[in-house]
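**Student:** You'll find final-v8.cif just under this line, and it carries mmCIF, C-alpha atoms.
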```
data_coords
#
loop_
_atom_site.group_PDB
_atom_site.id
_atom_site.type_symbol
_atom_site.label_atom_id
_atom_site.label_comp_id
_atom_site.auth_asym_id
_atom_site.auth_seq_id
_atom_site.Cartn_x
_atom_site.Cartn_y
_atom_site.Cartn_z
ATOM 1 C CA MET A 1 -5.361 -6.609 5.704
ATOM 2 C CA THR A 2 -3.268 -3.837 7.194
ATOM 3 C CA ASP A 3 -4.985 -1.553 9.653
ATOM 4 C CA ILE A 4 -3.706 2.013 9.706
ATOM 5 C CA ARG A 5 -4.199 3.605 13.081
ATOM 6 C CA THR A 6 -3.939 7.229 14.074
ATOM 7 C CA VAL A 7 -0.366 7.726 15.213
ATOM 8 C CA SER A 8 1.235 10.967 16.245
ATOM 9 C CA ARG A 9 4.277 11.406 14.078
ATOM 10 C CA GLY A 10 5.654 14.151 16.305
ATOM 11 C CA PRO A 11 6.543 17.702 15.368
ATOM 12 C CA VAL A 12 7.542 18.513 11.809
ATOM 13 C CA PRO A 13 11.260 19.266 11.693
ATOM 14 C CA THR A 14 12.048 22.882 10.894
ATOM 15 C CA THR A 15 15.637 22.239 9.942
ATOM 16 C CA ALA A 16 17.386 19.438 8.148
ATOM 17 C CA PRO A 17 20.940 18.162 8.291
ATOM 18 C CA GLU A 18 23.334 19.635 5.751
ATOM 19 C CA ALA A 19 22.856 17.784 2.461
ATOM 20 C CA ALA A 20 23.918 18.097 -1.127
ATOM 21 C CA PRO A 21 21.392 19.440 -3.636
ATOM 22 C CA THR A 22 19.097 16.718 -4.907
ATOM 23 C CA TYR A 23 17.473 16.113 -8.246
ATOM 24 C CA TRP A 24 13.956 16.667 -6.911
ATOM 25 C CA TYR A 25 14.506 19.728 -4.786
ATOM 26 C CA GLY A 26 17.219 21.719 -6.527
ATOM 27 C CA ASP A 27 19.620 24.153 -4.927
ATOM 28 C CA GLU A 28 17.399 25.740 -2.290
ATOM 29 C CA PRO A 29 19.104 26.578 0.982
ATOM 30 C CA THR A 30 19.267 23.485 3.173
ATOM 31 C CA ASP A 31 16.728 24.661 5.767
ATOM 32 C CA ARG A 32 14.122 25.547 3.123
ATOM 33 C CA ARG A 33 14.745 22.300 1.260
ATOM 34 C CA GLY A 34 14.530 20.320 4.497
ATOM 35 C CA ARG A 35 11.218 21.910 5.472
ATOM 36 C CA SER A 36 9.862 21.409 1.959
ATOM 37 C CA LYS A 37 10.915 17.763 1.883
ATOM 38 C CA ALA A 38 9.378 17.156 5.323
ATOM 39 C CA VAL A 39 6.051 18.677 4.233
ATOM 40 C CA LEU A 40 5.972 16.762 0.954
ATOM 41 C CA GLU A 41 6.900 13.521 2.707
ATOM 42 C CA ALA A 42 4.105 14.053 5.265
ATOM 43 C CA LEU A 43 1.732 14.677 2.379
ATOM 44 C CA ARG A 44 2.867 11.437 0.680
ATOM 45 C CA VAL A 45 2.334 9.500 3.927
ATOM 46 C CA TYR A 46 -1.153 11.001 4.253
ATOM 47 C CA ARG A 47 -2.008 10.146 0.633
ATOM 48 C CA ALA A 48 -0.830 6.551 1.127
ATOM 49 C CA ALA A 49 -2.986 6.234 4.258
ATOM 50 C CA GLU A 50 -5.969 7.749 2.434
ATOM 51 C CA MET A 51 -5.541 5.411 -0.544
ATOM 52 C CA ALA A 52 -5.368 2.411 1.800
ATOM 53 C CA MET A 53 -8.533 3.610 3.569
ATOM 54 C CA ARG A 54 -10.322 4.004 0.226
ATOM 55 C CA ARG A 55 -9.262 0.487 -0.808
ATOM 56 C CA ARG A 56 -10.569 -0.946 2.479
ATOM 57 C CA THR A 57 -13.826 0.980 2.030
ATOM 58 C CA ARG A 58 -14.284 -0.316 -1.530
ATOM 59 C CA GLU A 59 -13.624 -3.859 -0.346
ATOM 60 C CA SER A 60 -16.006 -3.621 2.618
ATOM 61 C CA MET A 61 -18.771 -2.214 0.413
ATOM 62 C CA SER A 62 -17.938 -4.511 -2.554
ATOM 63 C CA MET A 63 -17.733 -1.535 -4.899
ATOM 64 C CA GLY A 64 -15.275 0.027 -7.267
ATOM 65 C CA GLU A 65 -13.847 3.535 -6.957
ATOM 66 C CA ASN A 66 -16.290 5.019 -9.466
ATOM 67 C CA GLU A 67 -19.320 3.520 -7.711
ATOM 68 C CA LEU A 68 -18.179 5.149 -4.456
ATOM 69 C CA LEU A 69 -17.545 8.447 -6.244
ATOM 70 C CA VAL A 70 -21.103 8.387 -7.612
ATOM 71 C CA LEU A 71 -22.566 7.728 -4.161
ATOM 72 C CA ARG A 72 -20.475 10.477 -2.547
ATOM 73 C CA TYR A 73 -21.552 12.893 -5.295
ATOM 74 C CA LEU A 74 -25.231 12.040 -4.848
ATOM 75 C CA LEU A 75 -25.108 12.103 -1.044
ATOM 76 C CA ARG A 76 -23.444 15.533 -0.806
ATOM 77 C CA GLU A 77 -26.793 17.180 -1.517
ATOM 78 C CA PRO A 78 -29.537 14.632 -0.875
ATOM 79 C CA GLY A 79 -32.665 15.320 -2.862
ATOM 80 C CA ARG A 80 -30.870 17.291 -5.574
ATOM 81 C CA ARG A 81 -31.876 16.246 -9.075
ATOM 82 C CA VAL A 82 -28.869 14.747 -10.832
ATOM 83 C CA ARG A 83 -28.945 13.612 -14.451
ATOM 84 C CA PRO A 84 -26.685 10.812 -15.716
ATOM 85 C CA GLY A 85 -24.849 13.287 -17.978
ATOM 86 C CA GLU A 86 -23.760 15.264 -14.920
ATOM 87 C CA LEU A 87 -22.268 12.107 -13.429
ATOM 88 C CA THR A 88 -20.566 11.317 -16.746
ATOM 89 C CA ARG A 89 -18.850 14.722 -16.719
ATOM 90 C CA TYR A 90 -17.952 14.392 -13.030
ATOM 91 C CA LEU A 91 -16.377 10.968 -13.517
ATOM 92 C CA GLY A 92 -14.774 11.803 -16.862
ATOM 93 C CA LEU A 93 -16.107 8.575 -18.352
ATOM 94 C CA SER A 94 -18.102 7.657 -21.427
ATOM 95 C CA THR A 95 -21.885 7.538 -21.284
ATOM 96 C CA ALA A 96 -21.762 3.764 -21.687
ATOM 97 C CA SER A 97 -19.413 3.375 -18.708
ATOM 98 C CA THR A 98 -21.594 5.653 -16.562
ATOM 99 C CA THR A 99 -24.683 3.658 -17.549
ATOM 100 C CA ALA A 100 -22.945 0.405 -16.535
ATOM 101 C CA ILE A 101 -22.017 1.913 -13.139
ATOM 102 C CA LEU A 102 -25.584 3.132 -12.594
ATOM 103 C CA ASP A 103 -26.949 -0.285 -13.594
ATOM 104 C CA ARG A 104 -24.732 -1.957 -10.962
ATOM 105 C CA LEU A 105 -25.691 0.583 -8.295
ATOM 106 C CA GLU A 106 -29.376 0.212 -9.103
ATOM 107 C CA ARG A 107 -29.181 -3.611 -8.959
ATOM 108 C CA SER A 108 -27.450 -3.409 -5.567
ATOM 109 C CA GLY A 109 -30.152 -1.059 -4.239
ATOM 110 C CA HIS A 110 -27.898 1.993 -3.856
ATOM 111 C CA VAL A 111 -29.526 4.277 -6.441
ATOM 112 C CA THR A 112 -32.871 4.741 -8.106
ATOM 113 C CA ARG A 113 -33.750 6.179 -11.482
ATOM 114 C CA ALA A 114 -36.782 8.443 -11.680
ATOM 115 C CA ALA A 115 -38.425 9.965 -14.730
ATOM 116 C CA ASN A 116 -38.034 13.709 -15.110
ATOM 117 C CA PRO A 117 -41.592 15.042 -14.710
ATOM 118 C CA GLU A 118 -40.778 18.000 -16.981
ATOM 119 C CA ASP A 119 -39.092 15.962 -19.735
ATOM 120 C CA ARG A 120 -40.040 12.298 -19.913
ATOM 121 C CA ARG A 121 -37.036 11.616 -22.163
ATOM 122 C CA SER A 122 -34.620 12.202 -19.275
ATOM 123 C CA ILE A 123 -34.166 10.708 -15.832
ATOM 124 C CA PHE A 124 -32.790 11.687 -12.465
ATOM 125 C CA ILE A 125 -30.493 9.545 -10.337
ATOM 126 C CA GLN A 126 -30.876 9.541 -6.573
ATOM 127 C CA ALA A 127 -29.088 7.661 -3.794
ATOM 128 C CA THR A 128 -31.319 5.439 -1.685
ATOM 129 C CA GLU A 129 -31.692 5.541 2.087
ATOM 130 C CA ARG A 130 -29.841 2.231 2.140
ATOM 131 C CA ALA A 131 -26.868 3.825 0.356
ATOM 132 C CA ASP A 132 -26.869 6.755 2.778
ATOM 133 C CA HIS A 133 -26.969 4.418 5.777
ATOM 134 C CA GLU A 134 -24.258 2.122 4.396
ATOM 135 C CA VAL A 135 -21.907 4.990 3.530
ATOM 136 C CA ARG A 136 -22.438 6.647 6.925
ATOM 137 C CA GLN A 137 -21.872 3.355 8.724
ATOM 138 C CA THR A 138 -18.728 2.600 6.725
ATOM 139 C CA LEU A 139 -17.185 6.078 6.688
ATOM 140 C CA GLY A 140 -18.606 7.644 9.865
ATOM 141 C CA ASN A 141 -15.749 6.561 12.144
ATOM 142 C CA MET A 142 -13.158 7.756 9.623
ATOM 143 C CA HIS A 143 -14.831 11.164 9.333
ATOM 144 C CA ASP A 144 -14.980 11.454 13.140
ATOM 145 C CA ARG A 145 -11.259 10.661 13.385
ATOM 146 C CA MET A 146 -10.396 13.178 10.673
ATOM 147 C CA LEU A 147 -12.465 15.869 12.384
ATOM 148 C CA ALA A 148 -10.768 15.101 15.710
ATOM 149 C CA ALA A 149 -7.394 15.631 14.015
ATOM 150 C CA VAL A 150 -8.278 19.202 12.968
ATOM 151 C CA ILE A 151 -10.958 20.444 15.371
ATOM 152 C CA ASP A 152 -8.529 22.178 17.715
ATOM 153 C CA MET A 153 -6.643 24.088 15.025
ATOM 154 C CA SER A 154 -6.531 27.824 15.504
ATOM 155 C CA PRO A 155 -8.091 29.985 12.794
ATOM 156 C CA GLU A 156 -4.572 30.891 11.652
ATOM 157 C CA GLU A 157 -3.458 27.237 11.472
ATOM 158 C CA ALA A 158 -6.595 26.285 9.561
ATOM 159 C CA ALA A 159 -6.099 29.165 7.108
ATOM 160 C CA THR A 160 -2.471 28.113 6.558
ATOM 161 C CA VAL A 161 -3.418 24.481 5.896
ATOM 162 C CA VAL A 162 -6.292 25.431 3.587
ATOM 163 C CA ALA A 163 -4.055 27.810 1.616
ATOM 164 C CA PHE A 164 -1.349 25.129 1.371
ATOM 165 C CA LEU A 165 -3.807 22.500 0.125
ATOM 166 C CA HIS A 166 -5.182 24.916 -2.484
ATOM 167 C CA ARG A 167 -1.632 25.645 -3.694
ATOM 168 C CA MET A 168 -0.891 21.908 -3.889
ATOM 169 C CA SER A 169 -4.159 21.276 -5.766
ATOM 170 C CA ASP A 170 -3.292 24.024 -8.233
ATOM 171 C CA ALA A 171 0.218 22.610 -8.664
ATOM 172 C CA VAL A 172 -1.055 19.077 -9.297
ATOM 173 C CA ASP A 173 -3.905 20.244 -11.550
ATOM 174 C CA GLY A 174 -1.384 22.265 -13.556
ATOM 175 C CA VAL A 175 0.664 19.203 -14.471
ATOM 176 C CA ALA A 176 0.123 18.318 -18.120
ATOM 177 C CA VAL A 177 1.476 15.453 -20.119
ATOM 178 C CA GLU A 178 3.796 16.852 -22.728
ATOM 179 C CA PRO A 179 3.123 15.868 -26.348
ATOM 180 C CA GLY A 180 5.250 12.917 -27.337
ATOM 181 C CA ALA A 181 5.777 11.801 -23.737
ATOM 182 C CA THR A 182 6.137 8.053 -23.491
ATOM 183 C CA THR A 183 4.594 5.822 -20.909
ATOM 184 C CA SER A 184 6.374 3.018 -19.149
ATOM 185 C CA PRO A 185 5.667 -0.462 -20.510
#
```
What do you get writing this file as structure tokens?
**Tutor:**
Amino acid sequence: MTDIRTVSRGPVPTTAPEAAPTYWYGDEPTDRRGRSKAVLEALRVYRAAEMAMRRRTRESMSMGENELLVLRYLLREPGRRVRPGELTRYLGLSTASTTAILDRLERSGHVTRAANPEDRRSIFIQATERADHEVRQTLGNMHDRMLAAVIDMSPEEAATVVAFLHRMSDAVDGVAVEPGATTSP
């Protein structure tokens, strides 16, 4: 297993060597293209590190991605009443798939199902104390390291990063598969 450690990658270059226009980045002036490429590359490196961390977390907790997503969702607001249908919409899965995930999490002692006192036909899903403890134990160090990486940012730096991440989220969320697009075999 590869262990990714926190490594300072040094300052982000503000200029790039003279280069010909590329397919991905068009005909922007070289300095703008260089800065853009450096930012996008840093973002790709971060995403790769995050995906590796998520894989290690899933392996250490013997869970799949969707099981972890359910626990994170439930633990964000402990005590909040969450119905299975809400989890189905959050995960973007079928009701049957959500039920299978909840069955696994209940068997492993990570969630409980409780009857809705106002409507006995429905239930609420809640994370157990065991789940909370296990998630905190597994992810606590990672959250501490992430907080240490940003805690000393100035208000201006934080605002710039937050605005950038919102723009990137909007850009990625705006990508749609065109009708008739083919997938690779």
**Student:** Care to translate the PyMOL selection byres ((chain A and resi 132) around 10) into actual residues of this file, as an mmCIF file with C-alpha atoms, in the frame of the given file?
**Tutor:**
```cif
data_model
loop_
_atom_site.group_PDB
_atom_site.id
_atom_site.type_symbol
_atom_site.label_atom_id
_atom_site.label_comp_id
_atom_site.auth_asym_id
_atom_site.auth_seq_id
_atom_site.Cartn_x
_atom_site.Cartn_y
_atom_site.Cartn_z
ATOM 1 C CA LEU A 71 -22.566 7.728 -4.161
ATOM 2 C CA ARG A 72 -20.475 10.477 -2.547
ATOM 3 C CA LEU A 74 -25.231 12.040 -4.848
ATOM 4 C CA LEU A 75 -25.108 12.103 -1.044
ATOM 5 C CA PRO A 78 -29.537 14.632 -0.875
ATOM 6 C CA HIS A 110 -27.898 1.993 -3.856
ATOM 7 C CA VAL A 111 -29.526 4.277 -6.441
ATOM 8 C CA ALA A 127 -29.088 7.661 -3.794
ATOM 9 C CA THR A 128 -31.319 5.439 -1.685
ATOM 10 C CA GLU A 129 -31.692 5.541 2.087
ATOM 11 C CA ARG A 130 -29.841 2.231 2.140
ATOM 12 C CA ALA A 131 -26.868 3.825 0.356
ATOM 13 C CA HIS A 133 -26.969 4.418 5.777
ATOM 14 C CA GLU A 134 -24.258 2.122 4.396
ATOM 15 C CA VAL A 135 -21.907 4.990 3.530
ATOM 16 C CA ARG A 136 -22.438 6.647 6.925
ATOM 17 C CA GLN A 137 -21.872 3.355 8.724
ATOM 18 C CA THR A 138 -18.728 2.600 6.725
#
```
**Student:** List the spatial neighbours of Phe124 (chain A) as a PyMOL selection string - criterion: any atom at most 12 Å away, all atoms listed in the file, same-chain residues fewer than 5 positions off excluded.
**Tutor:** chain A and resi 74+79-87+102+111-119
**Student:** Quick one, how far is CA of Ile125 (chain A) from CA of Glu50 (chain A)?
**Tutor:**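 Between CA of Ile125 (chain A) and CA of Glu50 (chain A) the gap works out to 27.7 Å.
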**Student:** Record the distance separating CA of Thr160 (chain A) and CA of Ala38 (chain A), expressed in Å with one decimal.
**Tutor:** 16.2 Å
**Student:** Provide the CA of Leu139 (chain A) to CA of Met53 (chain A) distance in Å, to one decimal place.
**Tutor:**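 It comes out at 9.5 Å.
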**Student:** Check the smallest atom-to-atom distance from each of A:Arg44, A:Met142, A:Leu93, A:Lys37 to Arg56 (chain A) using all atoms listed in the file, then report the winner.
**Tutor:**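 Going through A:Arg44, A:Met142, A:Leu93, A:Lys37 one by one, the smallest distance to Arg56 (chain A) is for A:Met142.
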**Student:** Taking only C-alpha atoms into account, which of A:Ser60, A:Val39, A:Thr30, A:Ser94 comes nearest Leu165 (chain A)?
**Tutor:**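 Once distances to Leu165 (chain A) are computed over only C-alpha atoms, the minimum belongs to A:Val39.
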**Student:** Measuring between only C-alpha atoms, which one of A:Asp173, A:Arg167, A:Gln126, A:Ala158 shows the shortest distance to Glu77 (chain A)?
**Tutor:**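 Looking only at the distances to Glu77 (chain A), the closest residue turns out to be A:Gln126.
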**Student:** May I ask which of the residues A:Glu157, A:Asp152, A:Glu67, A:Glu59 is the closest one to Asp103 (chain A), counting all atoms listed in the file?
**Tutor:** A:Glu67
**Student:** Find the spatial neighbours of region 64-66 of chain A, counting all atoms listed in the file, within a cut-off of 12 Å - ignore same-chain residues fewer than 2 positions away - and output them as a ChimeraX atom specification.
**Tutor:** /A:51,53-62,68-73,87-88,90-93,97-102,104-105
**Student:** For the residues in that selection, give me C-alpha atoms as a PDB file, keeping the file's coordinate frame.
**Tutor:**
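Result file is again-v4.pdb:
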```pdb
ATOM      1  CA  MET A  51      -5.541   5.411  -0.544  1.00  0.00           C
ATOM      2  CA  MET A  53      -8.533   3.610   3.569  1.00  0.00           C
ATOM      3  CA  ARG A  54     -10.322   4.004   0.226  1.00  0.00           C
ATOM      4  CA  ARG A  55      -9.262   0.487  -0.808  1.00  0.00           C
ATOM      5  CA  ARG A  56     -10.569  -0.946   2.479  1.00  0.00           C
ATOM      6  CA  THR A  57     -13.826   0.980   2.030  1.00  0.00           C
ATOM      7  CA  ARG A  58     -14.284  -0.316  -1.530  1.00  0.00           C
ATOM      8  CA  GLU A  59     -13.624  -3.859  -0.346  1.00  0.00           C
ATOM      9  CA  SER A  60     -16.006  -3.621   2.618  1.00  0.00           C
ATOM     10  CA  MET A  61     -18.771  -2.214   0.413  1.00  0.00           C
ATOM     11  CA  SER A  62     -17.938  -4.511  -2.554  1.00  0.00           C
ATOM     12  CA  LEU A  68     -18.179   5.149  -4.456  1.00  0.00           C
ATOM     13  CA  LEU A  69     -17.545   8.447  -6.244  1.00  0.00           C
ATOM     14  CA  VAL A  70     -21.103   8.387  -7.612  1.00  0.00           C
ATOM     15  CA  LEU A  71     -22.566   7.728  -4.161  1.00  0.00           C
ATOM     16  CA  ARG A  72     -20.475  10.477  -2.547  1.00  0.00           C
ATOM     17  CA  TYR A  73     -21.552  12.893  -5.295  1.00  0.00           C
ATOM     18  CA  LEU A  87     -22.268  12.107 -13.429  1.00  0.00           C
ATOM     19  CA  THR A  88     -20.566  11.317 -16.746  1.00  0.00           C
ATOM     20  CA  TYR A  90     -17.952  14.392 -13.030  1.00  0.00           C
ATOM     21  CA  LEU A  91     -16.377  10.968 -13.517  1.00  0.00           C
ATOM     22  CA  GLY A  92     -14.774  11.803 -16.862  1.00  0.00           C
ATOM     23  CA  LEU A  93     -16.107   8.575 -18.352  1.00  0.00           C
ATOM     24  CA  SER A  97     -19.413   3.375 -18.708  1.00  0.00           C
ATOM     25  CA  THR A  98     -21.594   5.653 -16.562  1.00  0.00           C
ATOM     26  CA  THR A  99     -24.683   3.658 -17.549  1.00  0.00           C
ATOM     27  CA  ALA A 100     -22.945   0.405 -16.535  1.00  0.00           C
ATOM     28  CA  ILE A 101     -22.017   1.913 -13.139  1.00  0.00           C
ATOM     29  CA  LEU A 102     -25.584   3.132 -12.594  1.00  0.00           C
ATOM     30  CA  ARG A 104     -24.732  -1.957 -10.962  1.00  0.00           C
ATOM     31  CA  LEU A 105     -25.691   0.583  -8.295  1.00  0.00           C
TER      32      LEU A 105
END
```
